[in-house]
file entry27.txt (compact mmCIF, C-alpha atoms)
# COMPACT_ATOMS: atom_id res chain seq x y z
CA MET A 337 2.74 -26.98 -45.14
CA ALA A 338 2.80 -25.06 -48.44
CA GLY A 339 3.91 -21.45 -48.87
CA VAL A 340 3.05 -19.58 -51.99
CA CYS A 341 4.16 -16.05 -52.82
CA THR A 342 2.09 -14.49 -55.57
CA GLU A 343 1.10 -11.11 -56.90
CA ASN A 344 -2.42 -10.31 -55.77
CA ASN A 345 -4.57 -9.56 -58.82
CA GLN A 346 -6.61 -6.89 -57.11
CA ALA A 347 -3.70 -4.87 -55.75
CA PRO A 348 -0.70 -5.26 -58.04
CA ASN A 349 1.69 -3.58 -55.60
CA LYS A 350 0.95 -5.92 -52.69
CA LEU A 351 2.84 -9.08 -51.77
CA ALA A 352 0.81 -12.11 -50.70
CA PHE A 353 1.82 -15.17 -48.70
CA ASN A 354 -0.32 -18.20 -47.84
CA LEU A 355 0.42 -20.92 -45.33
CA GLU A 356 -1.51 -24.15 -44.83
CA VAL A 357 -0.92 -26.12 -41.64
CA PRO A 358 -2.52 -29.58 -41.39
CA PHE A 359 -3.55 -30.79 -37.92
CA PRO A 360 -4.41 -34.33 -36.76
CA SER A 361 -8.01 -33.21 -36.09
CA GLU A 362 -10.50 -30.37 -36.57
CA CYS A 363 -10.53 -29.89 -32.83
CA LEU A 364 -6.79 -29.24 -32.63
CA ALA A 365 -6.86 -26.95 -35.66
CA SER A 366 -9.59 -24.88 -33.97
CA ILE A 367 -7.68 -24.75 -30.71
CA ALA A 368 -4.65 -23.44 -32.57
CA LEU A 369 -6.74 -20.84 -34.38
CA ASN A 370 -8.32 -19.62 -31.15
CA SER A 371 -4.89 -19.30 -29.51
CA LEU A 372 -3.24 -17.51 -32.43
CA ALA A 373 -6.04 -15.20 -33.57
CA PRO A 374 -6.65 -12.79 -30.65
CA ASP A 375 -3.42 -10.75 -30.64
CA ARG A 376 -3.26 -7.88 -33.09
CA GLU A 377 -0.32 -7.33 -35.39
CA PRO A 378 2.14 -4.94 -33.68
CA ARG A 379 1.01 -1.52 -34.88
CA ARG A 380 2.26 -1.44 -38.42
CA GLY A 381 0.54 -0.22 -41.51
CA GLY A 382 1.00 -2.16 -44.70
CA ILE A 383 0.29 -5.68 -43.46
CA THR A 384 -2.85 -7.72 -43.11
CA LYS A 385 -3.16 -11.24 -41.75
CA GLU A 386 -6.13 -13.55 -41.93
CA LEU A 387 -6.50 -16.87 -40.12
CA LEU A 388 -9.12 -19.50 -40.80
CA VAL A 389 -9.78 -23.19 -40.32
CA THR A 390 -11.27 -25.51 -42.92
CA GLY A 391 -11.67 -29.06 -41.66
CA SER A 392 -8.41 -29.90 -39.95
CA VAL A 393 -6.31 -27.37 -41.84
CA LEU A 394 -5.32 -23.98 -40.43
CA THR A 395 -4.77 -21.42 -43.17
CA ALA A 396 -2.93 -18.13 -42.73
CA ARG A 397 -3.01 -15.46 -45.43
CA TRP A 398 -0.96 -12.30 -45.52
CA THR A 399 -0.84 -9.25 -47.72
CA ALA A 400 1.96 -6.73 -47.31
CA ASP A 401 3.49 -3.68 -48.94
CA GLU A 402 7.09 -4.53 -48.09
CA ALA A 403 8.90 -7.88 -48.07
CA ARG A 404 10.70 -7.00 -44.83
CA VAL A 405 7.43 -6.42 -42.97
CA LEU A 406 6.01 -9.63 -44.41
CA ARG A 407 9.06 -11.61 -43.34
CA VAL A 408 8.84 -10.37 -39.75
CA SER A 409 5.15 -11.14 -39.48
CA VAL A 410 5.44 -14.61 -41.00
CA GLY A 411 8.48 -15.35 -38.84
CA SER A 412 6.67 -14.34 -35.63
CA PHE A 413 3.64 -16.36 -36.62
CA LEU A 414 5.74 -19.48 -37.17
CA ASP A 415 7.42 -19.01 -33.75
CA HIS A 416 4.02 -18.64 -32.11
CA LEU A 417 2.60 -21.60 -34.02
CA SER A 418 5.45 -23.82 -32.95
CA LEU A 419 4.93 -22.84 -29.29
CA VAL A 420 1.23 -23.73 -29.60
CA LEU A 421 2.15 -27.08 -31.18
CA GLU A 422 4.68 -27.84 -28.42
CA THR A 423 2.07 -26.98 -25.79
CA MET A 424 -0.41 -29.33 -27.44
CA GLU A 425 2.24 -32.03 -27.54
CA ALA A 426 3.11 -31.62 -23.86
CA PHE A 427 -0.35 -31.05 -22.38
CA GLY A 428 -2.72 -32.63 -24.88
CA PRO A 429 -4.76 -34.45 -25.99
CA PRO A 430 -7.86 -32.29 -25.46
CA ALA A 431 -9.92 -33.41 -22.46
CA GLU A 432 -13.33 -34.99 -23.01
CA GLN A 433 -15.91 -32.20 -22.65
CA MET B 760 -13.19 -25.12 -3.50
CA THR B 761 -11.72 -23.06 -6.32
CA VAL B 762 -8.32 -23.77 -7.90
CA VAL B 763 -6.80 -21.24 -10.27
CA ILE B 764 -3.57 -21.46 -12.25
CA GLY B 765 -1.88 -18.16 -13.15
CA PHE B 766 0.68 -17.35 -15.87
CA GLU B 767 2.93 -14.30 -15.60
CA GLY B 768 5.63 -13.09 -18.02
CA SER B 769 5.20 -9.35 -18.64
CA ALA B 770 8.86 -8.48 -17.98
CA ASN B 771 11.96 -10.61 -17.48
CA LYS B 772 10.42 -13.03 -14.98
CA ILE B 773 8.35 -16.01 -16.14
CA GLY B 774 6.23 -17.65 -13.45
CA VAL B 775 3.36 -20.12 -13.18
CA GLY B 776 1.49 -20.37 -9.88
CA ILE B 777 -1.43 -22.34 -8.51
CA VAL B 778 -3.74 -21.02 -5.79
CA ARG B 779 -6.55 -22.85 -3.99
CA ASP B 780 -8.84 -20.79 -1.75
CA GLY B 781 -6.14 -18.49 -0.46
CA GLU B 782 -3.42 -21.14 -0.30
CA VAL B 783 -0.45 -20.93 -2.67
CA LEU B 784 0.13 -24.53 -3.80
CA SER B 785 3.09 -23.79 -6.06
CA ASN B 786 4.86 -20.78 -7.51
CA PRO B 787 7.91 -21.66 -9.64
CA ARG B 788 9.63 -18.85 -11.54
CA ARG B 789 12.63 -18.16 -13.81
CA THR B 790 14.38 -14.84 -14.39
CA TYR B 791 16.04 -13.72 -17.60
CA VAL B 792 19.29 -12.10 -16.40
CA THR B 793 21.36 -10.05 -18.84
CA PRO B 794 25.09 -9.31 -18.58
CA PRO B 795 26.15 -6.23 -16.53
CA GLY B 796 25.57 -3.02 -18.46
CA GLN B 797 22.72 -4.46 -20.52
CA GLY B 798 18.98 -4.31 -20.14
CA PHE B 799 16.48 -6.86 -21.43
CA LEU B 800 14.84 -6.40 -24.84
CA PRO B 801 11.38 -7.69 -25.77
CA SER B 802 12.35 -10.27 -28.39
CA GLU B 803 15.16 -11.81 -26.33
CA THR B 804 12.95 -11.85 -23.25
CA ALA B 805 10.18 -13.57 -25.20
CA ARG B 806 12.70 -16.11 -26.46
CA HIS B 807 13.80 -16.80 -22.87
CA HIS B 808 10.21 -17.29 -21.70
CA ARG B 809 9.37 -19.49 -24.65
CA ALA B 810 12.26 -21.79 -23.87
CA VAL B 811 11.25 -22.44 -20.26
CA ILE B 812 7.51 -21.85 -19.93
CA LEU B 813 6.35 -25.43 -20.52
CA THR B 814 8.92 -26.74 -18.03
CA VAL B 815 7.80 -24.19 -15.42
CA LEU B 816 4.16 -25.10 -16.07
CA GLN B 817 4.89 -28.78 -15.45
CA GLU B 818 6.80 -27.86 -12.28
CA ALA B 819 3.81 -25.87 -11.04
CA LEU B 820 1.49 -28.84 -11.54
CA ASP B 821 3.95 -31.31 -9.98
CA GLU B 822 4.74 -29.18 -6.90
CA ALA B 823 1.04 -28.51 -6.29
CA ALA B 824 0.33 -32.23 -6.82
CA ILE B 825 -2.74 -31.44 -8.88
CA THR B 826 -3.91 -32.47 -12.31
CA PRO B 827 -5.49 -30.23 -14.96
CA ALA B 828 -8.87 -31.74 -14.09
CA ASP B 829 -8.61 -30.14 -10.62
CA ILE B 830 -8.21 -26.65 -12.08
CA ASP B 831 -11.25 -24.37 -12.29
CA CYS B 832 -9.81 -21.44 -14.23
CA VAL B 833 -6.72 -20.48 -16.27
CA ALA B 834 -5.57 -16.92 -15.54
CA TYR B 835 -2.84 -15.05 -17.39
CA THR B 836 -1.45 -11.52 -17.58
CA LYS B 837 -3.39 -9.54 -20.16
CA GLY B 838 -1.21 -6.50 -19.53
CA PRO B 839 0.44 -4.09 -18.96
CA GLY B 840 3.97 -5.06 -19.94
CA MET B 841 6.25 -5.88 -22.86
CA GLY B 842 4.39 -7.08 -25.96
CA ALA B 843 6.40 -10.08 -27.16
CA PRO B 844 6.78 -11.77 -23.75
CA LEU B 845 3.08 -11.15 -22.97
CA VAL B 846 2.08 -12.88 -26.23
CA THR B 847 4.32 -15.88 -25.54
CA VAL B 848 2.68 -16.47 -22.19
CA ALA B 849 -0.86 -15.79 -23.42
CA LEU B 850 -0.45 -18.36 -26.21
CA VAL B 851 0.31 -21.11 -23.71
CA ALA B 852 -2.49 -20.04 -21.36
CA ARG B 853 -5.04 -19.98 -24.19
CA THR B 854 -3.90 -23.36 -25.48
CA VAL B 855 -4.02 -25.18 -22.16
CA ALA B 856 -7.34 -23.55 -21.26
CA GLN B 857 -8.79 -25.09 -24.41
CA LEU B 858 -7.00 -28.44 -24.04
CA TRP B 859 -8.25 -28.76 -20.47
CA GLY B 860 -11.70 -27.30 -21.20
CA LYS B 861 -11.39 -24.55 -18.59
CA PRO B 862 -12.46 -20.90 -18.68
CA LEU B 863 -9.80 -18.29 -19.42
CA LEU B 864 -9.27 -15.05 -17.45
CA GLY B 865 -7.11 -12.09 -18.47
CA VAL B 866 -5.71 -10.35 -15.39
CA ASN B 867 -4.28 -6.86 -14.92
CA HIS B 868 -0.68 -7.29 -13.72
CA CYS B 869 -0.90 -4.42 -11.20
CA ILE B 870 -4.05 -5.87 -9.68
CA GLY B 871 -2.22 -9.21 -9.42
CA HIS B 872 0.36 -7.52 -7.18
CA ILE B 873 -2.34 -5.84 -5.08
CA GLU B 874 -4.41 -8.98 -4.56
CA MET B 875 -1.36 -11.06 -3.60
CA GLY B 876 -0.28 -8.31 -1.19
CA ARG B 877 -3.76 -8.31 0.40
CA LEU B 878 -3.79 -12.10 0.67
CA ILE B 879 -0.36 -12.47 2.24
CA THR B 880 -0.48 -9.50 4.62
CA HIS B 881 -4.21 -9.39 5.45
CA ALA B 882 -4.10 -5.60 5.18
CA SER B 883 -7.74 -4.57 5.15
CA ASP B 884 -7.85 -1.33 3.15
CA PRO B 885 -4.35 0.03 2.64
CA THR B 886 -2.88 2.81 0.59
CA VAL B 887 -0.85 0.76 -1.88
CA LEU B 888 2.54 1.77 -3.18
CA TYR B 889 3.20 -0.30 -6.29
CA VAL B 890 6.84 0.03 -7.31
CA SER B 891 8.67 -2.07 -9.86
CA GLY B 892 10.86 -1.86 -12.95
CA GLY B 893 7.83 -1.08 -15.07
CA ASN B 894 5.39 0.70 -12.76
CA THR B 895 5.24 3.31 -10.01
CA GLN B 896 1.78 4.09 -8.71
CA VAL B 897 0.07 5.01 -5.43
CA ILE B 898 -3.27 3.23 -5.42
CA ALA B 899 -6.27 3.20 -3.10
CA TYR B 900 -9.48 1.22 -3.42
CA SER B 901 -12.65 3.22 -3.75
CA GLU B 902 -16.08 2.28 -5.06
CA ARG B 903 -15.28 -0.72 -7.21
CA ARG B 904 -11.99 0.58 -8.64
CA TYR B 905 -8.34 0.60 -7.70
CA ARG B 906 -7.84 4.31 -8.20
CA ILE B 907 -4.48 5.86 -8.98
CA PHE B 908 -3.79 8.71 -6.60
CA GLY B 909 -0.24 9.40 -7.71
CA GLU B 910 2.23 7.96 -10.17
CA THR B 911 5.39 8.54 -12.11
CA ILE B 912 5.00 11.00 -14.95
CA ASP B 913 7.85 9.37 -16.85
CA ILE B 914 9.79 6.24 -15.89
CA ALA B 915 9.27 3.77 -13.05
CA VAL B 916 11.52 3.95 -10.00
CA GLY B 917 12.79 0.42 -10.72
CA ASN B 918 13.65 1.45 -14.26
CA CYS B 919 15.67 4.36 -12.86
CA LEU B 920 17.56 1.98 -10.56
CA ASP B 921 18.09 -0.63 -13.31
CA ARG B 922 19.48 1.93 -15.76
CA PHE B 923 21.71 3.47 -13.09
CA ALA B 924 23.09 -0.04 -12.47
CA ARG B 925 23.96 -0.28 -16.17
CA VAL B 926 26.01 2.91 -15.98
CA LEU B 927 28.18 1.40 -13.26
CA LYS B 928 28.02 -2.09 -14.82
CA ILE B 929 26.53 -3.47 -11.60
CA SER B 930 25.54 -7.13 -11.94
CA ASN B 931 21.94 -7.95 -12.88
CA ASP B 932 22.08 -11.20 -10.91
CA PRO B 933 19.73 -11.75 -9.11
CA SER B 934 18.49 -8.24 -9.97
CA PRO B 935 20.20 -4.84 -10.36
CA GLY B 936 18.04 -3.38 -7.56
CA TYR B 937 19.15 -6.02 -5.11
CA ASN B 938 22.82 -5.34 -5.84
CA ILE B 939 22.34 -1.57 -5.54
CA GLU B 940 20.73 -2.19 -2.14
CA GLN B 941 23.72 -4.22 -0.93
CA MET B 942 26.18 -1.59 -2.15
CA ALA B 943 24.11 1.22 -0.61
CA LYS B 944 24.56 -0.36 2.82
CA LYS B 945 28.28 0.38 2.51
CA GLY B 946 27.80 4.00 1.43
CA THR B 947 29.06 6.59 3.90
CA GLN B 948 28.57 9.88 2.08
CA TYR B 949 25.28 11.48 1.05
CA ILE B 950 25.50 13.24 -2.31
CA GLU B 951 22.74 15.64 -3.16
CA LEU B 952 20.75 14.61 -6.21
CA PRO B 953 17.73 16.28 -7.85
CA TYR B 954 14.48 15.68 -5.99
CA ALA B 955 11.40 15.66 -8.20
CA VAL B 956 8.01 15.34 -6.54
CA LYS B 957 5.25 16.97 -8.61
CA GLY B 958 2.20 17.30 -6.37
CA MET B 959 0.77 13.82 -6.07
CA ASP B 960 3.14 12.51 -8.75
CA VAL B 961 6.88 11.86 -9.15
CA SER B 962 9.41 12.14 -11.95
CA PHE B 963 12.55 10.03 -12.25
CA SER B 964 13.99 10.69 -15.71
CA GLY B 965 15.65 13.93 -14.59
CA ILE B 966 17.45 12.23 -11.72
CA LEU B 967 18.49 9.44 -14.05
CA SER B 968 19.94 11.84 -16.64
CA TYR B 969 21.77 13.64 -13.85
CA VAL B 970 23.43 10.52 -12.43
CA GLU B 971 24.15 9.05 -15.86
CA GLU B 972 26.03 12.23 -16.69
CA ALA B 973 27.67 12.86 -13.35
CA ALA B 974 28.47 9.34 -12.09
CA HIS B 975 31.72 8.77 -13.95
CA LYS B 976 32.99 12.30 -13.28
CA MET B 977 32.29 11.94 -9.56
CA LEU B 978 33.88 8.50 -9.35
CA ASP B 979 36.93 9.47 -11.41
CA SER B 980 37.57 12.54 -9.28
CA GLY B 981 37.68 10.27 -6.23
CA ASN B 982 35.21 12.46 -4.36
CA CYS B 983 32.89 9.55 -3.76
CA THR B 984 32.53 5.83 -4.22
CA ALA B 985 29.99 3.80 -6.18
CA GLU B 986 28.56 2.76 -2.80
CA ASP B 987 27.99 6.43 -1.91
CA LEU B 988 26.12 6.94 -5.18
CA CYS B 989 23.95 3.87 -4.59
CA PHE B 990 23.18 5.07 -1.08
CA SER B 991 22.38 8.63 -2.18
CA LEU B 992 20.21 7.50 -5.07
CA GLN B 993 18.15 5.22 -2.86
CA GLU B 994 17.71 7.89 -0.18
CA THR B 995 16.49 10.37 -2.80
CA LEU B 996 14.20 8.06 -4.76
CA PHE B 997 12.70 6.47 -1.69
CA SER B 998 12.07 9.81 0.05
CA MET B 999 10.07 10.85 -2.99
CA LEU B 1000 8.01 7.66 -2.81
CA VAL B 1001 7.39 8.11 0.92
CA GLU B 1002 6.25 11.68 0.30
CA ILE B 1003 3.64 10.82 -2.33
CA THR B 1004 2.42 7.84 -0.32
CA GLU B 1005 1.96 10.07 2.71
CA ARG B 1006 0.09 12.61 0.61
CA ALA B 1007 -2.35 9.94 -0.57
CA MET B 1008 -2.79 8.64 2.96
CA ALA B 1009 -3.67 12.13 4.14
CA HIS B 1010 -6.29 12.46 1.39
CA CYS B 1011 -7.83 9.07 2.12
CA GLY B 1012 -7.55 9.16 5.90
CA SER B 1013 -5.72 5.85 5.63
CA GLN B 1014 -3.91 4.06 8.46
CA GLU B 1015 -2.34 1.28 6.42
CA VAL B 1016 0.35 1.16 3.76
CA LEU B 1017 1.01 -1.88 1.57
CA ILE B 1018 4.13 -1.94 -0.63
CA VAL B 1019 3.99 -4.29 -3.63
CA GLY B 1020 6.16 -4.82 -6.71
CA GLY B 1021 9.81 -5.84 -7.07
CA VAL B 1022 11.21 -2.60 -5.60
CA GLY B 1023 9.07 -3.35 -2.53
CA CYS B 1024 11.64 -6.03 -1.57
CA ASN B 1025 14.05 -3.24 -0.72
CA LEU B 1026 14.51 -3.15 3.05
CA ARG B 1027 15.67 0.46 3.09
CA LEU B 1028 12.46 1.53 1.35
CA GLN B 1029 10.47 -0.46 3.91
CA GLU B 1030 12.44 1.14 6.73
CA MET B 1031 11.83 4.68 5.46
CA MET B 1032 8.14 4.01 4.84
CA ASP B 1033 7.82 2.48 8.30
CA ALA B 1034 9.33 5.58 9.89
CA MET B 1035 6.69 7.75 8.19
CA CYS B 1036 3.92 5.33 9.16
CA LYS B 1037 4.98 5.35 12.79
CA GLU B 1038 4.85 9.15 12.82
CA ARG B 1039 1.23 8.93 11.68
CA GLY B 1040 0.25 5.97 13.86
CA ALA B 1041 -0.20 3.87 10.73
CA LYS B 1042 0.89 0.29 9.95
CA LEU B 1043 3.17 -0.88 7.16
CA PHE B 1044 2.64 -4.13 5.26
CA ALA B 1045 5.09 -5.71 2.85
CA THR B 1046 5.77 -9.14 1.36
CA ASP B 1047 9.00 -11.03 0.74
CA GLU B 1048 10.72 -11.63 -2.62
CA ARG B 1049 8.54 -14.68 -3.43
CA PHE B 1050 5.53 -12.40 -3.86
CA CYS B 1051 7.00 -8.89 -4.31
CA ILE B 1052 8.75 -9.87 -7.48
CA ASP B 1053 6.54 -10.81 -10.46
CA ASN B 1054 5.19 -14.34 -10.00
CA GLY B 1055 2.45 -16.62 -11.34
CA ALA B 1056 0.60 -17.08 -8.06
CA MET B 1057 -0.29 -13.38 -7.88
CA ILE B 1058 -2.03 -13.69 -11.25
CA ALA B 1059 -3.74 -16.85 -10.00
CA GLN B 1060 -4.87 -15.03 -6.84
CA ALA B 1061 -6.31 -12.06 -8.72
CA GLY B 1062 -7.85 -14.59 -11.11
CA TRP B 1063 -9.35 -16.44 -8.15
CA GLU B 1064 -11.07 -13.26 -6.92
CA MET B 1065 -12.24 -12.29 -10.39
CA PHE B 1066 -13.46 -15.76 -11.34
CA ARG B 1067 -15.48 -16.17 -8.16
CA SER B 1068 -17.16 -12.81 -8.77
CA GLY B 1069 -18.16 -13.79 -12.29
CA HIS B 1070 -15.40 -12.53 -14.61
CA VAL B 1071 -14.35 -14.62 -17.60
CA THR B 1072 -12.43 -13.67 -20.76
CA LYS B 1073 -13.75 -14.88 -24.09
CA MET B 1074 -11.04 -16.11 -26.43
CA PRO B 1075 -11.42 -13.34 -29.07
CA ASP B 1076 -11.14 -10.75 -26.24
CA SER B 1077 -8.02 -12.34 -24.79
CA TRP B 1078 -5.56 -10.15 -26.75
CA ILE B 1079 -2.67 -8.80 -24.74
CA THR B 1080 -2.02 -5.10 -24.31
CA GLN B 1081 1.10 -3.17 -23.36
CA ARG B 1082 -0.96 -0.43 -21.74
CA TYR B 1083 -3.58 -1.36 -19.17
CA ARG B 1084 -4.49 1.11 -16.45
CA THR B 1085 -5.12 -0.23 -12.98
CA ASP B 1086 -8.42 1.64 -12.78
CA GLU B 1087 -9.77 0.11 -16.01
CA VAL B 1088 -10.88 -3.02 -14.17
CA GLU B 1089 -14.18 -3.12 -12.32
CA VAL B 1090 -13.33 -4.58 -8.91
CA THR B 1091 -16.52 -6.56 -8.49
CA TRP B 1092 -15.07 -8.74 -5.72
CA ARG B 1093 -14.92 -5.93 -3.15
CA ASP B 1094 -17.64 -3.70 -1.73

call {"tool": "encode", "arguments": {"input": "entry27.txt", "output": "structure tokens"}}
result
Amino acid sequence: MAGVCTENNQAPNKLAFNLEVPFPSECLASIALNSLAPDREPRRGGITKELLVTGSVLTARWTADEARVLRVSVGSFLDHLSLVLETMEAFGPPAEQ
Amino acid sequence: MTVVIGFEGSANKIGVGIVRDGEVLSNPRRTYVTPPGQGFLPSETARHHRAVILTVLQEALDEAAITPADIDCVAYTKGPGMGAPLVTVALVARTVAQLWGKPLLGVNHCIGHIEMGRLITHASDPTVLYVSGGNTQVIAYSERRYRIFGETIDIAVGNCLDRFARVLKISNDPSPGYNIEQMAKKGTQYIELPYAVKGMDVSFSGILSYVEEAAHKMLDSGNCTAEDLCFSLQETLFSMLVEITERAMAHCGSQEVLIVGGVGCNLRLQEMMDAMCKERGAKLFATDERFCIDNGAMIAQAGWEMFRSGHVTKMPDSWITQRYRTDEVEVTWRD
């Protein structure tokens, strides 16, 4: 899991944060994405969040105007991610389709 | 045979229930109780739910003696309710639905209460009074919708009771409403409080402000006891609810009343509603605390009805929402 905080070239005033979460399989990474993606950010301007899966890696990308807002969003996401991981641990592996 | 598992956590109760063709196979639940004088906040409530939800889920499966393979559909509360707790529960529901390869179904919390009330009581077409900490609505079914005939224009009746309990530091265990009810039984003096019925609707924030302001003065002066206040508050709030229920019954020509929601456990409310029903030759239906208070099986039951009539929620549409009107759902499972 790597976190990188950089200045976004296109919008010099925005903060950016990227998170890469490796999963044991593509299937599990997709399951996590589908669980985490549907809920909207609590109504707050100044933050965007993008989730995508490439292979077995779930990537989350944020841009934000304020560090405080970014911290809250990233923190919530990590809480939610860890709940999804615990659920997978307790009730996985995925059933044969 | 259709087996549905339901996840509920929109307020301070977290429950997982399993229903099979009208039979409740399991319905474990935990309640987040705060110290006297304090209410429950979204982030703390979510943290509570997060800590116990997987345990409660396993309990539900064990008590029902079923395996995930036996389940046909995973239902969860889409809304209304508190955001953070709703998300916590939805995350688990979405994840297990995918792990088990089962369809997902987002359920309206109010409709969960109604469908469980209908199942348990066999009321055929009642005027429903839905009263809880978060909601106060008078509902009747008509042409594929649960239509709202009357409601609170500000706070729910349960919220009024809960916040009054905080003023007097009444214990929240098992619930503030329960403790107010016990104290009210010992009240001997009726104190006049503001009465606020507005046509088909009710208002509770004025009464709440009044008692919040006046309670300590009245108690300190020794003119009345806390029990008298509990008694008087219940009499006033419940009379208002009986009035708007009766008004809806008159409009609909209804001969049945069904009370659902946590405040529906209150025996004094049931008694007062029953008195009105008897005057009209109508019948009152109510459930006990297993099903009145938020629980997973009610979500499973509503999910059971919805699933069998063709509803399913696609993953990208499974977002939770704090506001979700009872009449937004097309009730395809009834004529």

call {"tool": "residues_around", "arguments": {"input": "entry27.txt", "residues": "segment 829-833 of chain B", "least_positions_apart": "3", "cutoff": "7 Å", "atoms": "only C-alpha atoms", "output": "PyMOL selection string"}}
result
chain B and resi 761-765+825-826+852+856+861-864

call {"tool": "interface_residues", "arguments": {"input": "entry27.txt", "of": "chain A", "to": "chain B", "cutoff": "8 Å", "atoms": "only C-alpha atoms", "output": "list in words"}}
result
Ile367, Ala368, Asn370, Ser371, Leu372, Ala373, Pro374, Asp375, Arg376, His416, Leu419, Val420, Thr423, Met424, Ala426, Phe427, Gly428, Pro429, Pro430, Ala431 and Gln433 of chain A

call {"tool": "residues_around", "arguments": {"input": "entry27.txt", "residues": "Pro360 of chain A", "least_positions_apart": "5", "cutoff": "10 Å", "atoms": "only C-alpha atoms", "output": "number ranges by chain"}}
result
A: 365, 392-393

call {"tool": "atom_distance", "arguments": {"input": "entry27.txt", "atom1": "atom CA of Ala924 of chain B", "atom2": "atom CA of Glu986 of chain B"}}
result
11.5 Å

call {"tool": "atom_distance", "arguments": {"input": "entry27.txt", "atom1": "atom CA of Met999 of chain B", "atom2": "atom CA of Val956 of chain B"}}
result
6.1 Å

call {"tool": "residues_around", "arguments": {"input": "entry27.txt", "residues": "segment 394-406 of chain A", "least_positions_apart": "6", "cutoff": "7 Å", "atoms": "only C-alpha atoms", "output": "ChimeraX atom specification"}}
result
/A:349-358,365,369,382-388

call {"tool": "residues_around", "arguments": {"input": "entry27.txt", "residues": "segment 1039-1051 of chain B", "least_positions_apart": "4", "cutoff": "10 Å", "atoms": "all atoms listed in the file", "output": "VMD selection string"}}
result
chain B and resid 786 to 788 872 to 873 875 to 877 879 to 882 885 to 891 1005 1008 to 1009 1013 to 1026 1029 to 1030 1032 to 1035 1055 to 1057

call {"tool": "residues_around", "arguments": {"input": "entry27.txt", "residues": "segment 1085-1094 of chain B", "least_positions_apart": "2", "cutoff": "6 Å", "atoms": "all atoms listed in the file", "output": "mmCIF file with C-alpha atoms, in the coordinates of the input"}}
result
data_model
loop_
_atom_site.group_PDB
_atom_site.id
_atom_site.type_symbol
_atom_site.label_atom_id
_atom_site.label_comp_id
_atom_site.auth_asym_id
_atom_site.auth_seq_id
_atom_site.Cartn_x
_atom_site.Cartn_y
_atom_site.Cartn_z
ATOM 1 C CA ARG B 903 -15.280 -0.720 -7.210
ATOM 2 C CA ARG B 904 -11.990 0.580 -8.640
ATOM 3 C CA TYR B 905 -8.340 0.600 -7.700
ATOM 4 C CA ARG B 906 -7.840 4.310 -8.200
ATOM 5 C CA SER B 1068 -17.160 -12.810 -8.770
#

call {"tool": "atom_distance", "arguments": {"input": "entry27.txt", "atom1": "atom CA of Ser361 of chain A", "atom2": "atom CA of Thr1072 of chain B"}}
result
25.2 Å

call {"tool": "axis_aligned_box", "arguments": {"input": "entry27.txt", "around": "segment 777-783 of chain B", "padding_each_side": "8 Å", "output": "lines of an AutoDock Vina configuration file"}}
result
center_x = -4.6
center_y = -20.7
center_z = -4.4
size_x = 24.4
size_y = 20.4
size_z = 24.2

call {"tool": "closest_residue", "arguments": {"input": "entry27.txt", "among": "B:Cys869, B:Met841, B:Ile950, B:Val792", "to": "Asp921 of chain B", "atoms": "only C-alpha atoms"}}
result
B:Val792

call {"tool": "build_atoms", "arguments": {"input": "entry27.txt", "residues": "segment 948-957 of chain B", "atoms": "N, CA and C atoms", "output": "mmCIF file, keeping the file's coordinate frame"}}
result
data_model
loop_
_atom_site.group_PDB
_atom_site.id
_atom_site.type_symbol
_atom_site.label_atom_id
_atom_site.label_comp_id
_atom_site.auth_asym_id
_atom_site.auth_seq_id
_atom_site.Cartn_x
_atom_site.Cartn_y
_atom_site.Cartn_z
ATOM 1 N N GLN B 948 28.682 8.460 2.397
ATOM 2 C CA GLN B 948 28.570 9.880 2.080
ATOM 3 C C GLN B 948 27.266 10.124 1.334
ATOM 4 N N TYR B 949 26.499 11.146 1.759
ATOM 5 C CA TYR B 949 25.280 11.480 1.050
ATOM 6 C C TYR B 949 25.588 12.568 0.020
ATOM 7 N N ILE B 950 25.282 12.266 -1.233
ATOM 8 C CA ILE B 950 25.500 13.240 -2.310
ATOM 9 C C ILE B 950 24.150 13.764 -2.739
ATOM 10 N N GLU B 951 24.041 15.067 -2.818
ATOM 11 C CA GLU B 951 22.740 15.640 -3.160
ATOM 12 C C GLU B 951 22.409 15.396 -4.632
ATOM 13 N N LEU B 952 21.225 14.865 -4.849
ATOM 14 C CA LEU B 952 20.750 14.610 -6.210
ATOM 15 C C LEU B 952 19.423 15.343 -6.394
ATOM 16 N N PRO B 953 19.008 15.578 -7.641
ATOM 17 C CA PRO B 953 17.730 16.280 -7.850
ATOM 18 C C PRO B 953 16.571 15.511 -7.211
ATOM 19 N N TYR B 954 15.641 16.272 -6.669
ATOM 20 C CA TYR B 954 14.480 15.680 -5.990
ATOM 21 C C TYR B 954 13.246 16.175 -6.739
ATOM 22 N N ALA B 955 12.442 15.225 -7.261
ATOM 23 C CA ALA B 955 11.400 15.660 -8.200
ATOM 24 C C ALA B 955 10.020 15.109 -7.867
ATOM 25 N N VAL B 956 9.409 15.657 -6.827
ATOM 26 C CA VAL B 956 8.010 15.340 -6.540
ATOM 27 C C VAL B 956 7.169 16.423 -7.201
ATOM 28 N N LYS B 957 6.130 15.990 -7.928
ATOM 29 C CA LYS B 957 5.250 16.970 -8.610
ATOM 30 C C LYS B 957 3.835 16.788 -8.075
#
